[in-house]
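entry.cif (mmCIF, C-alpha atoms and all ligand atoms) appears below.
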data_work
loop_
_atom_site.label_atom_id
_atom_site.label_comp_id
_atom_site.auth_asym_id
_atom_site.auth_seq_id
_atom_site.Cartn_x
_atom_site.Cartn_y
_atom_site.Cartn_z
CA MET Z 201 88.07 -76.55 195.80
CA SER Z 202 90.22 -79.62 195.41
CA THR Z 203 93.78 -79.71 196.72
CA ILE Z 204 95.41 -79.24 193.32
CA GLU Z 205 93.12 -76.37 192.39
CA SER Z 206 93.83 -74.66 195.70
CA ILE Z 207 97.60 -75.18 195.46
CA THR Z 208 97.66 -73.78 191.91
CA LEU Z 209 95.63 -70.80 192.99
CA MET Z 210 97.91 -70.13 195.94
CA LEU Z 211 101.11 -70.37 193.91
CA ALA Z 212 99.74 -68.14 191.16
CA LEU Z 213 98.71 -65.49 193.64
CA VAL Z 214 101.97 -65.60 195.59
CA TYR Z 215 103.92 -65.30 192.34
CA SER Z 216 101.77 -62.38 191.10
CA THR Z 217 102.10 -60.57 194.41
CA SER Z 218 105.86 -61.00 194.43
CA LEU Z 219 106.24 -59.84 190.82
CA LEU Z 220 104.22 -56.72 191.59
CA TYR Z 221 106.15 -56.07 194.78
CA TRP Z 222 109.61 -56.55 193.32
CA GLY Z 223 108.57 -54.51 190.27
CA GLY Z 224 107.87 -51.53 192.54
CA LYS Z 225 104.04 -51.74 192.16
CA LYS Z 226 103.38 -51.65 195.92
CA TRP Z 227 99.65 -50.90 195.58
CA GLY Z 228 99.22 -53.72 193.08
CA ALA Z 229 101.07 -56.03 195.45
CA LEU Z 230 98.80 -54.92 198.29
CA VAL Z 231 95.65 -55.72 196.29
CA SER Z 232 97.11 -59.02 195.13
CA GLY Z 233 98.14 -59.81 198.72
CA ALA Z 234 94.59 -59.07 199.90
CA LEU Z 235 93.24 -61.43 197.25
CA LEU Z 236 95.76 -64.01 198.41
CA LEU Z 237 94.48 -63.69 201.95
CA GLY Z 238 90.89 -64.00 200.69
CA ALA Z 239 91.79 -67.07 198.68
CA THR Z 240 93.53 -68.64 201.68
CA ILE Z 241 90.43 -68.16 203.77
CA ALA Z 242 88.06 -69.28 200.98
CA SER Z 243 89.94 -72.50 200.26
CA PHE Z 244 91.07 -73.13 203.81
CA PHE Z 245 92.90 -76.41 204.08
CA TRP Z 246 95.81 -76.89 206.45
CA PRO Z 247 98.37 -78.36 203.98
CA LEU Z 248 97.77 -75.27 201.90
CA LEU Z 249 98.95 -73.05 204.70
CA LEU Z 250 102.26 -74.94 204.71
CA ILE Z 251 102.51 -74.67 200.93
CA LEU Z 252 101.67 -70.99 201.11
CA LEU Z 253 104.35 -70.44 203.73
CA GLY Z 254 106.91 -72.33 201.62
CA ALA Z 255 105.94 -70.37 198.49
CA VAL Z 256 106.24 -67.05 200.30
CA LEU Z 257 109.74 -67.99 201.57
CA VAL Z 258 110.93 -69.11 198.11
CA VAL Z 259 109.55 -66.03 196.38
CA THR Z 260 111.01 -63.72 199.02
CA ALA Z 261 114.42 -65.32 198.53
CA LEU Z 262 114.10 -64.99 194.73
CA GLY Z 263 113.17 -61.34 195.07
CA GLN Z 264 116.08 -60.72 197.43
CA TYR Z 265 118.80 -62.36 195.36
CA GLN Z 266 117.27 -61.71 191.91
CA PRO Z 267 118.64 -64.71 189.98
CA ALA Z 268 118.40 -64.27 186.21
CA PHE Z 269 115.48 -66.69 185.77
CA ALA Z 270 113.36 -64.70 188.26
CA ASN Z 271 113.86 -61.41 186.46
CA ALA Z 272 110.56 -61.03 184.61
CA GLU Z 273 111.32 -57.84 182.73
CA GLY Z 274 114.72 -58.90 181.45
CA ARG Z 275 113.57 -62.32 180.24
CA PRO Z 276 109.99 -62.18 178.89
CA ASN Z 277 110.46 -65.46 177.03
CA ARG Z 278 111.65 -67.09 180.20
CA ILE Z 279 108.70 -65.78 182.19
CA ARG Z 280 106.27 -67.02 179.53
CA GLU Z 281 107.88 -70.45 179.60
CA ILE Z 282 107.58 -70.57 183.40
CA CYS Z 283 103.92 -69.59 183.06
CA GLN Z 284 103.27 -72.30 180.44
CA HIS Z 285 104.99 -74.99 182.48
CA PHE Z 286 103.15 -73.88 185.60
CA PHE Z 287 99.78 -74.36 183.90
CA ALA Z 288 100.88 -77.61 182.25
CA LEU Z 289 102.10 -79.04 185.55
CA SER Z 290 98.91 -78.09 187.35
CA MET Z 291 96.84 -79.67 184.53
CA LEU Z 292 98.94 -82.83 184.78
CA LEU Z 293 98.29 -83.01 188.53
CA VAL Z 294 94.60 -82.34 187.92
CA GLY Z 295 94.61 -85.22 185.41
CA VAL Z 296 96.18 -87.58 187.95
CA GLN Z 297 93.74 -86.48 190.66
CA TYR Z 298 90.82 -86.89 188.26
CA ALA Z 299 91.98 -90.37 187.19
CA ILE Z 300 92.32 -91.53 190.83
CA ASN Z 301 88.86 -90.20 191.65
CA ALA Z 302 87.27 -91.80 188.57
CA GLY Z 303 89.14 -95.10 189.14
CA MET Z 304 87.80 -95.34 192.69
CA LEU Z 305 84.27 -94.53 191.53
CA TYR Z 306 84.57 -97.27 188.94
CA ALA Z 307 85.75 -99.72 191.61
CA GLY Z 308 82.69 -98.81 193.69
CA GLU Z 309 84.78 -97.25 196.46
CA THR Z 310 84.19 -93.85 198.01
CA PRO Z 311 87.04 -91.70 196.61
CA TRP Z 312 89.45 -90.30 199.20
CA LEU Z 313 90.57 -87.76 196.61
CA MET Z 314 88.09 -85.14 195.52
CA ARG Z 315 87.15 -84.72 191.86
CA PRO Z 316 88.84 -81.54 190.56
CA ASP Z 317 86.05 -79.40 189.09
CA ILE Z 318 88.55 -77.58 186.88
CA GLY Z 319 88.48 -80.74 184.73
CA ASP Z 320 85.15 -79.41 183.40
CA ALA Z 321 87.22 -76.89 181.43
CA PHE Z 322 87.62 -79.75 178.94
CA LEU Z 323 83.86 -79.70 178.27
CA PRO Z 324 83.52 -76.65 176.02
CA ILE Z 325 80.32 -77.91 174.33
CA ALA Z 326 78.69 -78.50 177.72
CA GLY Z 327 79.90 -75.02 178.69
CA GLY Z 328 78.27 -73.58 175.54
CA ILE Z 329 74.98 -75.37 176.26
CA GLU Z 330 75.06 -74.15 179.87
CA LEU Z 331 75.71 -70.61 178.67
CA LYS Z 332 72.73 -70.87 176.33
CA ALA Z 333 70.55 -72.13 179.21
CA ILE Z 334 71.63 -69.23 181.40
CA LEU Z 335 71.03 -66.64 178.68
CA THR Z 336 67.72 -68.01 177.37
CA LEU Z 337 66.07 -69.58 180.43
CA GLY Z 338 68.02 -68.19 183.36
CA LEU Z 339 68.81 -71.84 184.16
CA TRP Z 340 72.13 -72.46 185.94
CA ASP Z 341 73.50 -75.97 185.53
CA GLN Z 342 74.40 -77.79 188.74
CA ASN Z 343 76.26 -80.78 187.30
CA HIS Z 344 79.24 -79.10 185.64
CA PRO Z 345 79.11 -75.42 186.60
CA ALA Z 346 82.86 -75.05 186.15
CA ALA Z 347 82.46 -75.75 182.41
CA VAL Z 348 80.60 -72.51 181.73
CA VAL Z 349 82.79 -70.59 184.18
CA MET Z 350 85.96 -71.67 182.39
CA LEU Z 351 84.44 -71.04 178.95
CA CYS Z 352 83.69 -67.47 180.05
CA VAL Z 353 87.17 -67.10 181.56
CA VAL Z 354 88.84 -68.14 178.31
CA LEU Z 355 86.57 -65.83 176.30
CA LEU Z 356 87.42 -63.01 178.68
CA THR Z 357 91.15 -63.53 178.21
CA GLY Z 358 90.64 -63.28 174.44
CA LEU Z 359 88.58 -60.13 174.77
CA ILE Z 360 91.19 -58.44 176.92
CA CYS Z 361 94.58 -59.76 175.89
CA LYS Z 362 94.23 -61.45 172.50
CA ARG Z 363 95.18 -65.12 172.29
CA ALA Z 364 97.44 -64.92 175.34
CA PHE Z 365 95.63 -67.99 176.66
CA CYS Z 366 97.08 -69.99 173.72
CA GLY Z 367 100.57 -68.53 174.03
CA TRP Z 368 100.88 -68.46 177.80
CA ALA Z 369 98.54 -70.98 179.38
CA CYS Z 370 97.39 -73.77 177.07
CA PRO Z 371 99.12 -77.09 177.90
CA LEU Z 372 98.40 -78.38 174.38
CA GLY Z 373 100.24 -75.40 172.91
CA LEU Z 374 103.23 -76.25 175.09
CA ALA Z 375 103.09 -79.92 174.12
CA GLY Z 376 103.04 -78.79 170.47
CA GLU Z 377 106.17 -76.70 171.06
CA TYR Z 378 107.99 -79.76 172.38
CA LEU Z 379 106.85 -81.92 169.47
CA PHE Z 380 108.03 -79.27 167.04
CA LYS Z 381 111.43 -79.03 168.76
CA LEU Z 382 111.74 -82.81 168.69
CA ARG Z 383 111.00 -82.89 164.95
CA LYS Z 384 113.52 -80.09 164.34
CA ARG Z 385 116.18 -82.11 166.09
CA PHE Z 386 115.86 -84.88 163.49
CA ILE Z 387 114.67 -82.82 160.49
CA PRO Z 388 116.06 -79.30 160.94
CA ALA Z 389 114.30 -77.77 157.89
CA GLU Z 390 111.46 -75.31 158.56
CA LEU Z 391 108.96 -77.09 156.21
CA LEU Z 392 106.58 -74.13 156.02
CA PRO Z 393 103.67 -74.74 153.63
CA PRO Z 394 103.11 -72.33 150.74
CA ALA Z 395 100.53 -69.59 151.39
CA TRP Z 396 97.95 -71.18 149.09
CA ILE Z 397 97.87 -74.27 151.32
CA ASP Z 398 98.34 -72.42 154.59
CA TRP Z 399 95.30 -70.19 154.25
CA PRO Z 400 92.69 -72.94 153.54
CA LEU Z 401 94.22 -75.08 156.30
CA ARG Z 402 93.83 -72.19 158.73
CA MET Z 403 90.14 -72.11 157.88
CA VAL Z 404 89.70 -75.73 159.07
CA LYS Z 405 89.68 -74.64 162.70
CA TYR Z 406 86.92 -72.11 161.93
CA LEU Z 407 84.86 -74.84 160.26
CA LEU Z 408 85.27 -77.04 163.33
CA LEU Z 409 84.27 -74.11 165.54
CA ALA Z 410 81.22 -73.45 163.33
CA ALA Z 411 80.19 -77.11 163.69
CA LEU Z 412 80.46 -76.93 167.49
CA VAL Z 413 78.57 -73.64 167.64
CA TYR Z 414 75.89 -75.14 165.39
CA LEU Z 415 75.53 -78.07 167.81
CA VAL Z 416 74.83 -75.64 170.65
CA VAL Z 417 72.69 -73.15 168.74
CA SER Z 418 70.57 -75.80 167.02
CA MET Z 419 69.63 -77.46 170.31
CA PRO Z 420 66.00 -76.51 171.01
CA THR Z 421 65.76 -74.20 174.01
CA ALA Z 422 62.86 -76.22 175.44
CA SER Z 423 65.07 -79.32 175.62
CA LEU Z 424 67.81 -77.64 177.66
CA PRO Z 425 66.39 -78.43 181.14
CA ASN Z 426 66.05 -82.11 180.22
CA TYR Z 427 69.53 -82.22 178.79
CA LEU Z 428 71.14 -80.52 181.78
CA THR Z 429 69.47 -82.84 184.27
CA GLY Z 430 69.93 -85.95 182.14
CA ASN Z 431 72.37 -88.80 182.73
CA TYR Z 432 74.44 -88.02 179.64
CA HIS Z 433 75.32 -84.57 180.92
CA LYS Z 434 75.99 -85.91 184.42
CA VAL Z 435 78.76 -88.14 183.10
CA ALA Z 436 79.94 -85.96 180.22
CA ASP Z 437 83.29 -85.55 181.97
CA LEU Z 438 83.76 -89.29 182.41
CA LYS Z 439 82.84 -89.91 178.78
CA MET Z 440 85.43 -87.33 177.76
CA ALA Z 441 88.03 -89.01 180.00
CA VAL Z 442 87.31 -92.41 178.43
CA PHE Z 443 87.57 -90.83 174.97
CA PHE Z 444 91.12 -89.71 175.77
CA MET Z 445 92.25 -92.70 177.82
CA MET Z 446 90.73 -95.45 175.66
CA PRO Z 447 90.56 -93.88 172.22
CA SER Z 448 88.79 -95.59 169.34
CA LEU Z 449 90.60 -96.20 166.05
CA ILE Z 450 89.09 -93.01 164.55
CA ALA Z 451 90.13 -91.02 167.61
CA LEU Z 452 93.67 -92.44 167.32
CA ILE Z 453 93.84 -91.37 163.68
CA GLY Z 454 92.63 -87.91 164.73
CA PHE Z 455 95.29 -87.69 167.47
CA SER Z 456 97.98 -88.78 165.00
CA ILE Z 457 96.98 -86.00 162.61
CA ILE Z 458 97.11 -83.48 165.46
CA PHE Z 459 100.58 -84.67 166.57
CA ALA Z 460 101.82 -84.67 162.98
CA LEU Z 461 100.59 -81.12 162.44
CA ALA Z 462 102.21 -79.93 165.67
CA ALA Z 463 105.52 -81.54 164.67
CA TRP Z 464 105.33 -80.35 161.08
CA ARG Z 465 105.16 -76.65 161.77
CA ARG Z 466 105.35 -74.50 164.87
CA GLN Z 467 101.89 -74.04 166.43
CA GLY Z 468 100.51 -76.34 163.72
CA PHE Z 469 97.73 -77.65 165.94
CA CYS Z 470 96.75 -74.16 167.21
CA ARG Z 471 96.93 -72.72 163.70
CA TYR Z 472 95.00 -75.34 161.77
CA ILE Z 473 92.79 -77.46 164.02
CA CYS Z 474 92.05 -76.04 167.46
CA PRO Z 475 88.45 -74.67 167.66
CA TYR Z 476 89.36 -72.91 170.92
CA GLY Z 477 92.10 -71.08 169.00
CA ALA Z 478 89.51 -70.16 166.34
CA MET Z 479 87.12 -68.83 168.97
CA LEU Z 480 89.89 -66.80 170.60
CA GLY Z 481 91.09 -65.61 167.20
CA ILE Z 482 87.65 -64.11 166.51
CA VAL Z 483 87.23 -62.64 169.98
CA SER Z 484 90.77 -61.25 169.93
CA PHE Z 485 89.84 -58.76 167.19
CA PHE Z 486 88.03 -56.85 169.95
CA SER Z 487 90.98 -56.89 172.33
CA PRO Z 488 92.24 -53.36 173.09
CA PHE Z 489 95.77 -54.73 173.51
CA LYS Z 490 97.71 -55.46 170.37
CA ILE Z 491 101.33 -55.65 169.31
CA ARG Z 492 102.04 -52.13 168.00
CA ARG Z 493 105.12 -50.95 166.13
CA ASP Z 494 106.10 -47.37 166.83
CA THR Z 495 107.57 -45.94 163.64
CA HIS Z 496 109.18 -43.12 165.65
CA HIS Z 497 111.47 -45.68 167.23
CA CYS Z 498 111.65 -48.58 164.78
CA LEU Z 499 115.07 -48.83 163.10
CA ILE Z 500 113.45 -49.11 159.67
CA GLU Z 501 111.95 -45.63 159.73
CA THR Z 502 114.43 -43.88 162.05
CA LYS Z 503 117.71 -45.26 160.67
CA GLY Z 504 116.62 -46.61 157.30
CA MET Z 505 117.88 -50.07 158.29
CA SER Z 506 116.44 -53.28 156.89
CA CYS Z 507 115.64 -54.80 160.26
CA ASP Z 508 113.14 -57.68 160.46
CA LYS Z 509 114.16 -59.31 163.74
CA CYS Z 510 110.59 -59.14 165.06
CA THR Z 511 109.21 -60.96 162.03
CA ARG Z 512 111.88 -63.63 162.20
CA ALA Z 513 111.10 -64.23 165.89
CA CYS Z 514 107.37 -64.64 165.32
CA PRO Z 515 106.24 -68.29 165.55
CA ALA Z 516 103.01 -67.41 163.71
CA ASN Z 517 104.97 -66.03 160.74
CA ILE Z 518 103.33 -62.62 161.00
CA SER Z 519 105.12 -59.90 159.09
CA VAL Z 520 105.51 -57.65 162.14
CA HIS Z 521 108.09 -55.29 160.64
CA THR Z 522 105.77 -54.23 157.79
CA GLN Z 523 102.73 -53.38 159.91
CA LYS Z 524 101.97 -50.78 162.57
CA ASN Z 525 99.33 -52.73 164.49
CA ILE Z 526 99.13 -56.50 164.53
CA HIS Z 527 95.48 -57.46 164.12
CA SER Z 528 96.16 -61.02 163.01
CA ASP Z 529 93.96 -63.72 164.55
CA GLU Z 530 97.10 -65.87 164.81
CA CYS Z 531 98.91 -63.51 167.20
CA GLN Z 532 99.19 -65.27 170.55
CA ALA Z 533 100.62 -62.26 172.37
CA CYS Z 534 103.70 -64.39 173.05
CA MET Z 535 105.91 -61.26 172.92
CA ARG Z 536 108.75 -63.06 171.18
CA CYS Z 537 108.80 -60.17 168.70
CA VAL Z 538 109.05 -57.64 171.54
CA SER Z 539 111.94 -59.60 173.06
CA ALA Z 540 113.76 -59.80 169.75
CA CYS Z 541 113.49 -56.10 168.96
CA PRO Z 542 116.77 -54.23 169.53
CA LYS Z 543 114.92 -50.91 170.16
CA LYS Z 544 113.09 -51.11 173.46
CA GLU Z 545 110.38 -48.57 172.60
CA ALA Z 546 109.75 -49.73 169.03
CA LEU Z 547 107.48 -52.66 169.76
CA GLN Z 548 104.94 -52.88 172.56
CA PHE Z 549 101.88 -54.84 173.57
CA SER Z 550 99.66 -51.86 174.16
CA THR Z 551 96.30 -50.19 173.66
CA ARG Z 552 95.63 -47.56 171.00
CA ASN Z 553 96.01 -44.80 173.59
CA GLY Z 554 99.37 -46.06 174.78
CA ILE Z 555 98.66 -48.21 177.85
CA LYS Z 556 101.46 -50.77 177.77
CA LEU Z 557 101.46 -54.28 179.12
CA SER Z 558 104.84 -55.82 179.86
CA ALA Z 559 105.44 -59.57 179.99
CA ARG Z 560 105.15 -59.34 183.75
CA GLY Z 561 101.91 -57.35 183.50
CA LEU Z 562 100.42 -59.77 180.98
CA MET Z 563 101.20 -62.74 183.16
CA ILE Z 564 99.65 -61.09 186.21
CA LEU Z 565 96.57 -60.16 184.16
CA LEU Z 566 96.24 -63.75 182.95
CA PHE Z 567 96.68 -65.13 186.46
CA THR Z 568 94.09 -62.70 187.76
CA LEU Z 569 91.52 -63.66 185.11
CA MET Z 570 92.18 -67.37 185.24
CA PHE Z 571 92.27 -67.72 189.00
CA MET Z 572 90.17 -64.92 190.38
CA VAL Z 573 87.05 -65.59 188.29
CA PRO Z 574 86.96 -69.28 189.31
CA LEU Z 575 87.65 -68.26 192.91
CA PHE Z 576 84.75 -65.81 192.76
CA ALA Z 577 82.55 -68.57 191.26
CA TYR Z 578 83.67 -70.93 194.02
CA VAL Z 579 82.95 -68.45 196.78
CA SER Z 580 79.55 -67.70 195.18
CA GLY Z 581 78.73 -71.41 195.29
CA TYR Z 582 78.80 -71.90 191.53
CA TRP Z 583 81.83 -74.06 190.91
CA HIS Z 584 81.51 -77.41 192.60
CA SER Z 585 79.52 -80.15 190.82
CA GLN Z 586 76.38 -81.16 192.70
CA THR Z 587 76.05 -84.54 190.98
CA PRO Z 588 75.64 -87.09 193.81
CA GLN Z 589 78.50 -89.54 194.09
CA ASP Z 590 76.25 -92.61 194.19
CA ILE Z 591 74.70 -91.59 190.85
CA LYS Z 592 78.17 -91.26 189.32
CA MET Z 593 79.14 -94.65 190.76
CA GLU Z 594 76.06 -96.19 189.18
CA LEU Z 595 76.43 -94.47 185.80
CA ILE Z 596 80.15 -95.14 185.45
CA GLN Z 597 79.40 -98.88 185.30
CA LYS Z 598 77.26 -98.44 182.17
CA LEU Z 599 79.01 -95.48 180.61
CA ASP Z 600 78.84 -96.77 177.03
CA ARG Z 601 75.07 -97.17 177.32
CA VAL Z 602 74.40 -93.67 178.62
CA GLY Z 603 73.18 -91.65 175.64
CA HIS Z 604 71.44 -88.34 174.99
S1 LIG G 1 103.27 -60.94 166.48
FE1 LIG G 1 104.63 -61.03 168.25
S2 LIG G 1 103.28 -61.51 169.96
FE2 LIG G 1 102.13 -61.98 168.08
S3 LIG G 1 102.55 -64.17 167.74
FE3 LIG G 1 104.09 -63.00 166.58
S4 LIG G 1 105.84 -62.89 168.00
FE4 LIG G 1 104.08 -63.46 169.23
S1 LIG G 2 112.72 -55.68 165.40
FE1 LIG G 2 112.15 -53.68 166.23
S2 LIG G 2 113.45 -52.26 165.16
FE2 LIG G 2 113.48 -54.15 163.97
S3 LIG G 2 111.81 -53.92 162.46
FE3 LIG G 2 110.93 -54.94 164.24
S4 LIG G 2 110.09 -53.24 165.45
FE4 LIG G 2 111.52 -52.31 164.02
#

As a first step, turn the structure in this file into structure tokens.
Amino acid sequence: MSTIESITLMLALVYSTSLLYWGGKKWGALVSGALLLGATIASFFWPLLLILLGAVLVVTALGQYQPAFANAEGRPNRIREICQHFFALSMLLVGVQYAINAGMLYAGETPWLMRPDIGDAFLPIAGGIELKAILTLGLWDQNHPAAVVMLCVVLLTGLICKRAFCGWACPLGLAGEYLFKLRKRFIPAELLPPAWIDWPLRMVKYLLLAALVYLVVSMPTASLPNYLTGNYHKVADLKMAVFFMMPSLIALIGFSIIFALAAWRRQGFCRYICPYGAMLGIVSFFSPFKIRRDTHHCLIETKGMSCDKCTRACPANISVHTQKNIHSDECQACMRCVSACPKKEALQFSTRNGIKLSARGLMILLFTLMFMVPLFAYVSGYWHSQTPQDIKMELIQKLDRVGH
């Protein structure tokens, strides 16, 4: 694993362990601590030991003195924000590390900084093609194995805890939040579109997802080995990087639309355009965890009050106070509704048979899925790209001429 990947993994595990420990879940903390030890050994690198030591000291101090921002149960919104910024920061560092590595390859120098394989998470189509190759031919790609690993991780999060990936981990979602806040500062009005525009716009992301799925499904199975060993696939990550760093005019127009949507309405990009959001929206219907309103505790049924605080807190504009179970594909499990509810037991993120997941529990679950599965893949030898460096150095010089 690269330095950034290892540091992120360490910090996530230390934080999970401490949350479990300070929350009184000693057995959970023990298991998490054991995983931490395993991870330390698996990604052994001496600076990491120093970082790990520092992280343990900081977290111990936080647990001891319990400042407000470290209190996960009392401040679920705060803990989600920390989680989002944690992922965004690690992605930013990964981007810097990736750019340095690619820049040195382009200059014909042997990179002193390793390529972070987690960058393959930005190759969902490659991940889909690799998944198809595994399922149909039993062929495991060696050039971007992390792409299929991360695709499966994201799918798994959707299957277990709805669109928590969007609400808690996606850096684009966080960037959208900031754009929306910036717009609100200058134009305070909500600017929500009427339902007859909102619904068709929401379908756009499903059309984009269908197009991407069609690309993968329509690829002849017999051509998969050639594709996966071909030059185009070997530099798919570099092509993606160039697409973002040196966008064409059409790409710039596309980015502008995305930014405008994000600024126009809260979660505009996630709601209308993002195919990942569409994929998770579909998968999330199967998630056992949902936001559930207990009518035995809700103020509407128990006191006859006209409370709608949960609905007003919901960034996805879901009418929480009129439903018992939130099945909506737009629910990102952000728990803002749970935080806003004045009756603690009235609203929970739980299974049908009453297993509840607190904000703390959800974050630990996400950390476990998003860090443990890649760690397992890494330890199993299916994470690191096997594309030889000299081939990358050669191909990066003629990137625009490398085709399918
Ligand atoms: S229903 Fe609750 S958890 Fe779902 S998006 Fe709305 S506020 Fe967030
Ligand atoms: S905020 Fe709580 S009490 Fe009020 S309507 Fe929603 S679930 Fe019921």

Close residues, range 322-333 of chain Z itself excluded, 6 Å, all atoms listed in the file, min 2 positions apart in chain, as a ChimeraX atom specification: /Z:319-320,335-337,339,347-348,416

Kindly compute an axis-aligned box around the listed atoms of range 418-434 of chain Z, allowing 6 Å on each side, and express its centre and edge lengths in Å to one decimal as JSON.
{"center_x": 69.4, "center_y": -81.5, "center_z": 175.7, "size_x": 25.1, "size_y": 26.6, "size_z": 29.4}

d(CA of Pro311 in chain Z, CA of Met593 in chain Z) in Å: 10.3 Å

Test item: residues no farther than 7 Å from ligand LIG 1 (chain G), counting all atoms listed in the file, as a PyMOL selection string: chain Z and resi 491+510+513-518+520+526+530-538

Could you pull out every residue with an atom within 7 Å of (92.3, -60.6, 165.5), file coordinates, counting all atoms listed in the file, and send them as a PDB file with C-alpha atoms, in the coordinates of the input?
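Writing done, so here's result.pdb:
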ATOM      1  CA  GLY Z 481      91.090 -65.610 167.200  1.00  0.00           C
ATOM      2  CA  ILE Z 482      87.650 -64.110 166.510  1.00  0.00           C
ATOM      3  CA  SER Z 484      90.770 -61.250 169.930  1.00  0.00           C
ATOM      4  CA  PHE Z 485      89.840 -58.760 167.190  1.00  0.00           C
ATOM      5  CA  HIS Z 527      95.480 -57.460 164.120  1.00  0.00           C
ATOM      6  CA  SER Z 528      96.160 -61.020 163.010  1.00  0.00           C
ATOM      7  CA  ASP Z 529      93.960 -63.720 164.550  1.00  0.00           C
TER       8      ASP Z 529
END

For range 226-237 of chain Z: contacts at 6 Å, all atoms listed in the file, fewer than 5 positions along chain excluded, given as an NGL selection string: :Z and (213 or 217 or 220-221)

Those residues you just picked out, can you put them in a file as a PDB file, keeping the file's coordinate frame with C-alpha atoms?
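Listed below is the output, result-v4.pdb:
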ATOM      1  CA  LEU Z 213      98.710 -65.490 193.640  1.00  0.00           C
ATOM      2  CA  THR Z 217     102.100 -60.570 194.410  1.00  0.00           C
ATOM      3  CA  LEU Z 220     104.220 -56.720 191.590  1.00  0.00           C
ATOM      4  CA  TYR Z 221     106.150 -56.070 194.780  1.00  0.00           C
TER       5      TYR Z 221
END

Site check for ligand LIG 2 (chain G): residues at most 7 Å away, only C-alpha atoms and all ligand atoms, as a VMD selection string: chain Z and resid 493 498 to 500 507 to 511 520 to 521 537 540 to 543 546 to 547

Near-range 396-406 of chain Z list (9 Å; all atoms listed in the file; drop same-chain fewer than 6 positions) as a PyMOL selection string: chain Z and resi 470-479

Residue among Z:Gly308, Z:Pro371, Z:Leu566, Z:Met350 lying closest to Met291 in chain Z, counting only C-alpha atoms: Z:Pro371

Interatomic distance (Å, one decimal) between CA of Thr587 in chain Z and CA of Leu575 in chain Z: 20.1 Å

Interatomic distance (Å, one decimal) between CA of Ser585 in chain Z and CA of Leu409 in chain Z: 26.4 Å
